[in-house]
file run_7.csv (CSV, C-alpha atoms)
chain,number,residue,atom,x,y,z
A,1,MET,CA,0.0,0.0,0.0
A,2,ARG,CA,2.8,2.4,0.9
A,3,VAL,CA,4.5,1.7,-2.5
A,4,LEU,CA,1.2,2.6,-4.3
A,5,VAL,CA,0.9,5.9,-2.4
A,6,PHE,CA,4.5,6.7,-3.2
A,7,VAL,CA,4.1,6.0,-6.9
A,8,VAL,CA,0.9,8.0,-7.1
A,9,ALA,CA,2.6,11.0,-5.3
A,10,ALA,CA,5.5,10.7,-7.7
A,11,ILE,CA,3.3,10.8,-10.7
A,12,VAL,CA,1.4,13.8,-9.4
A,13,LEU,CA,4.6,15.7,-8.6
A,14,ALA,CA,6.1,14.8,-12.0
A,15,THR,CA,2.9,15.9,-13.9
A,16,GLY,CA,2.8,19.3,-12.0
A,17,THR,CA,6.5,19.9,-12.8
A,18,LEU,CA,6.1,19.1,-16.5
A,19,GLN,CA,3.2,21.5,-16.8
A,20,ALA,CA,4.5,24.3,-14.6
A,21,GLY,CA,6.8,25.7,-17.3
A,22,ASP,CA,4.2,26.2,-20.1
A,23,GLY,CA,2.5,29.3,-18.6
A,24,MET,CA,-0.9,27.7,-18.2
A,25,GLU,CA,-0.8,27.6,-14.4
A,26,ARG,CA,-2.1,31.2,-14.2
A,27,PHE,CA,-5.5,30.0,-15.5
A,28,ARG,CA,-5.9,27.2,-13.0
A,29,TRP,CA,-8.9,27.6,-10.7
A,30,ALA,CA,-9.7,31.0,-12.3
A,31,ASN,CA,-10.5,30.4,-16.0
A,32,ARG,CA,-11.6,27.8,-18.5
A,33,PRO,CA,-9.1,28.3,-21.4
A,34,LEU,CA,-10.2,27.5,-24.9
A,35,VAL,CA,-6.9,26.8,-26.6
A,36,VAL,CA,-7.0,27.2,-30.3
A,37,ILE,CA,-3.9,25.9,-32.1
A,38,ALA,CA,-3.6,26.4,-35.8
A,39,PRO,CA,-0.9,26.0,-38.5
A,40,ASP,CA,-0.8,29.7,-39.1
A,41,ALA,CA,-2.5,33.0,-38.4
A,42,ASP,CA,-4.5,32.8,-41.6
A,43,ASN,CA,-6.1,29.4,-40.8
A,44,ASP,CA,-9.8,29.3,-41.5
A,45,GLY,CA,-10.5,27.2,-38.3
A,46,LEU,CA,-8.7,29.8,-36.2
A,47,ARG,CA,-10.8,32.6,-37.7
A,48,ARG,CA,-14.0,30.7,-37.3
A,49,GLN,CA,-13.3,29.9,-33.6
A,50,ARG,CA,-12.5,33.6,-33.0
A,51,ASP,CA,-15.8,34.5,-34.7
A,52,ILE,CA,-17.7,32.1,-32.4
A,53,ALA,CA,-16.0,33.6,-29.4
A,54,ASP,CA,-16.8,37.2,-30.5
A,55,ALA,CA,-20.4,36.3,-31.2
A,56,ASN,CA,-20.9,34.7,-27.8
A,57,GLU,CA,-18.8,37.1,-25.7
A,58,ALA,CA,-21.3,37.2,-22.8
A,59,GLY,CA,-21.6,33.5,-22.6
A,60,PHE,CA,-17.8,33.1,-22.6
A,61,ARG,CA,-17.5,35.7,-19.9
A,62,GLU,CA,-20.2,34.2,-17.7
A,63,ARG,CA,-18.4,30.8,-17.9
A,64,ALA,CA,-14.9,32.4,-17.3
A,65,VAL,CA,-13.7,31.2,-20.7
A,66,VAL,CA,-10.6,32.8,-22.1
A,67,VAL,CA,-9.5,32.2,-25.7
A,68,ILE,CA,-5.8,31.4,-26.2
A,69,SER,CA,-4.9,31.7,-29.8
A,70,VAL,CA,-1.8,29.8,-31.0
A,71,PRO,CA,-1.2,30.8,-34.7
A,72,GLY,CA,1.7,28.7,-36.1
A,73,GLU,CA,4.9,29.7,-34.2
A,74,GLY,CA,3.7,33.3,-34.0
A,75,PRO,CA,2.9,35.2,-30.8
A,76,VAL,CA,0.3,33.6,-28.5
A,77,ARG,CA,-2.7,35.8,-27.5
A,78,VAL,CA,-5.2,35.6,-24.7
A,79,ASP,CA,-8.5,37.2,-25.6
A,80,GLY,CA,-6.7,39.1,-28.3
A,81,GLU,CA,-3.9,40.5,-26.0
A,82,PRO,CA,-0.2,39.4,-26.3
A,83,ALA,CA,0.8,36.7,-23.8
A,84,PRO,CA,4.6,36.7,-23.5
A,85,ASP,CA,4.5,34.1,-20.8
A,86,LEU,CA,3.0,31.5,-23.3
A,87,THR,CA,4.8,30.1,-26.3
A,88,ALA,CA,3.5,28.2,-29.2
A,89,SER,CA,6.0,25.5,-28.9
A,90,ALA,CA,5.3,24.9,-25.2
A,91,LEU,CA,1.5,24.7,-25.9
A,92,ARG,CA,1.9,22.5,-28.9
A,93,ALA,CA,4.1,20.1,-26.7
A,94,ARG,CA,1.7,20.2,-23.8
A,95,PHE,CA,-1.4,19.4,-25.9
A,96,ASP,CA,0.6,17.1,-28.4
A,97,VAL,CA,-0.5,19.1,-31.5
A,98,GLY,CA,1.7,18.8,-34.6
A,99,ARG,CA,3.0,21.9,-36.4
A,100,ASP,CA,0.5,21.5,-39.3
A,101,ALA,CA,-2.6,20.5,-37.3
A,102,PHE,CA,-5.6,22.5,-36.1
A,103,ARG,CA,-7.0,21.7,-32.6
A,104,ALA,CA,-9.5,23.4,-30.4
A,105,LEU,CA,-9.2,22.3,-26.7
A,106,LEU,CA,-11.4,23.3,-23.8
A,107,VAL,CA,-9.4,23.2,-20.6
A,108,GLY,CA,-11.2,23.1,-17.3
A,109,LYS,CA,-10.4,25.2,-14.3
A,110,ASP,CA,-8.5,22.2,-12.9
A,111,GLY,CA,-6.1,22.3,-15.8
A,112,THR,CA,-7.3,19.2,-17.6
A,113,VAL,CA,-8.6,18.9,-21.2
A,114,LYS,CA,-12.3,18.5,-21.1
A,115,LEU,CA,-13.0,18.6,-24.9
A,116,ALA,CA,-10.7,18.4,-27.9
A,117,ARG,CA,-11.7,18.7,-31.6
A,118,PRO,CA,-9.9,18.9,-34.9
A,119,LYS,CA,-12.2,21.7,-36.0
A,120,PRO,CA,-13.8,24.8,-34.4
A,121,ILE,CA,-16.1,24.0,-31.5
A,122,PRO,CA,-19.6,25.6,-31.7
A,123,ALA,CA,-20.6,27.8,-28.7
A,124,ALA,CA,-23.6,25.5,-27.9
A,125,VAL,CA,-21.2,22.5,-27.5
A,126,LEU,CA,-18.8,24.5,-25.4
A,127,PHE,CA,-21.6,25.8,-23.1
A,128,ARG,CA,-23.3,22.4,-22.8
A,129,THR,CA,-19.9,20.8,-21.9
A,130,ILE,CA,-19.0,23.5,-19.4
A,131,ASP,CA,-22.5,23.7,-17.8
A,132,ALA,CA,-22.4,19.9,-17.1
A,133,MET,CA,-19.2,20.3,-15.1
A,134,PRO,CA,-19.6,19.9,-11.3
A,135,MET,CA,-17.7,23.2,-10.6
A,136,ARG,CA,-19.9,25.1,-13.1
A,137,GLN,CA,-23.0,23.6,-11.5
A,138,ARG,CA,-21.9,24.9,-8.1
A,139,GLU,CA,-21.1,28.3,-9.7
A,140,MET,CA,-24.7,28.5,-11.1
A,141,ARG,CA,-26.2,27.5,-7.8
A,142,GLU,CA,-24.2,30.2,-6.0
A,143,GLN,CA,-25.3,32.8,-8.5
A,144,GLU,CA,-29.0,31.9,-7.8
A,145,GLU,CA,-28.6,32.5,-4.0
call {"tool": "encode", "arguments": {"input": "run_7.csv", "output": "structure tokens"}}
result
Amino acid sequence: MRVLVFVVAAIVLATGTLQAGDGMERFRWANRPLVVIAPDADNDGLRRQRDIADANEAGFRERAVVVISVPGEGPVRVDGEPAPDLTASALRARFDVGRDAFRALLVGKDGTVKLARPKPIPAAVLFRTIDAMPMRQREMREQEE
């Protein structure tokens, strides 16, 4: 039993160490990042995901969703603002996304990937996924009180 506890603790520590250097820790327990990784800044999927975010700004804000755009190897942006603490290469490595691939990933407040798609994710799918999360359920109950 002690060996199992030690192994689990080692895995947890190793996982935290591996993720600590990619800049994503600032979102943990505060935001639900929607990480959009594209081959380049002119990618149609990246543009469409931005359009979805822009058209549903209030719903994104209500659910504490921030959009992290990763265009090629260019500068990473969070909700349109430069994010010098985030790099395309670190995010591609963290989420295992190849240089020529498109991926939209919803990350929970706990830092784990909740939804990943090879194309833009519609707002209704994002909201349904988020609203089913236990933490979001608690947030909604607290808002009603």
call {"tool": "atom_distance", "arguments": {"input": "run_7.csv", "atom1": "CA of Trp29 (chain A)", "atom2": "CA of Pro122 (chain A)"}}
result
23.7 Å
call {"tool": "closest_residue", "arguments": {"input": "run_7.csv", "among": "A:Ala64, A:Glu73, A:Ala55, A:Ala38", "to": "Val107 (chain A)", "atoms": "only C-alpha atoms"}}
result
A:Ala64
call {"tool": "atom_distance", "arguments": {"input": "run_7.csv", "atom1": "CA of Asp110 (chain A)", "atom2": "CA of Glu139 (chain A)"}}
result
14.4 Å
call {"tool": "residues_near_point", "arguments": {"input": "run_7.csv", "point": "(-6.1, 25.3, -30.5)", "cutoff": "6 Å", "atoms": "all atoms listed in the file", "output": "number ranges by chain"}}
result
A: 35-38, 103-105
call {"tool": "write_last_selection", "arguments": {"input": "run_7.csv", "atoms": "C-alpha atoms", "output": "PDB file, in the frame of the given file"}}
result
ATOM      1  CA  VAL A  35      -6.900  26.800 -26.600  1.00  0.00           C
ATOM      2  CA  VAL A  36      -7.000  27.200 -30.300  1.00  0.00           C
ATOM      3  CA  ILE A  37      -3.900  25.900 -32.100  1.00  0.00           C
ATOM      4  CA  ALA A  38      -3.600  26.400 -35.800  1.00  0.00           C
ATOM      5  CA  ARG A 103      -7.000  21.700 -32.600  1.00  0.00           C
ATOM      6  CA  ALA A 104      -9.500  23.400 -30.400  1.00  0.00           C
ATOM      7  CA  LEU A 105      -9.200  22.300 -26.700  1.00  0.00           C
TER       8      LEU A 105
END
call {"tool": "atom_distance", "arguments": {"input": "run_7.csv", "atom1": "CA of Ile52 (chain A)", "atom2": "CA of Leu106 (chain A)"}}
result
13.8 Å
call {"tool": "closest_residue", "arguments": {"input": "run_7.csv", "among": "A:Ala90, A:Ala41, A:Leu115, A:Leu126", "to": "Val65 (chain A)", "atoms": "all atoms listed in the file"}}
result
A:Leu126
call {"tool": "closest_residue", "arguments": {"input": "run_7.csv", "among": "A:Glu25, A:Asp79, A:Glu142, A:Asp131", "to": "Arg63 (chain A)", "atoms": "all atoms listed in the file"}}
result
A:Asp131
call {"tool": "closest_residue", "arguments": {"input": "run_7.csv", "among": "A:Ala53, A:Pro39, A:Pro120, A:Arg47", "to": "Arg99 (chain A)", "atoms": "only C-alpha atoms"}}
result
A:Pro39
call {"tool": "closest_residue", "arguments": {"input": "run_7.csv", "among": "A:Met24, A:Leu34, A:Ala123, A:Met133", "to": "Leu86 (chain A)", "atoms": "all atoms listed in the file"}}
result
A:Met24
call {"tool": "closest_residue", "arguments": {"input": "run_7.csv", "among": "A:Ala88, A:Ile121, A:Arg32, A:Asp44", "to": "Val67 (chain A)", "atoms": "all atoms listed in the file"}}
result
A:Arg32
call {"tool": "residues_around", "arguments": {"input": "run_7.csv", "residues": "Pro84 (chain A)", "least_positions_apart": "5", "cutoff": "9 Å", "atoms": "all atoms listed in the file", "output": "number ranges by chain"}}
result
A: 75-77
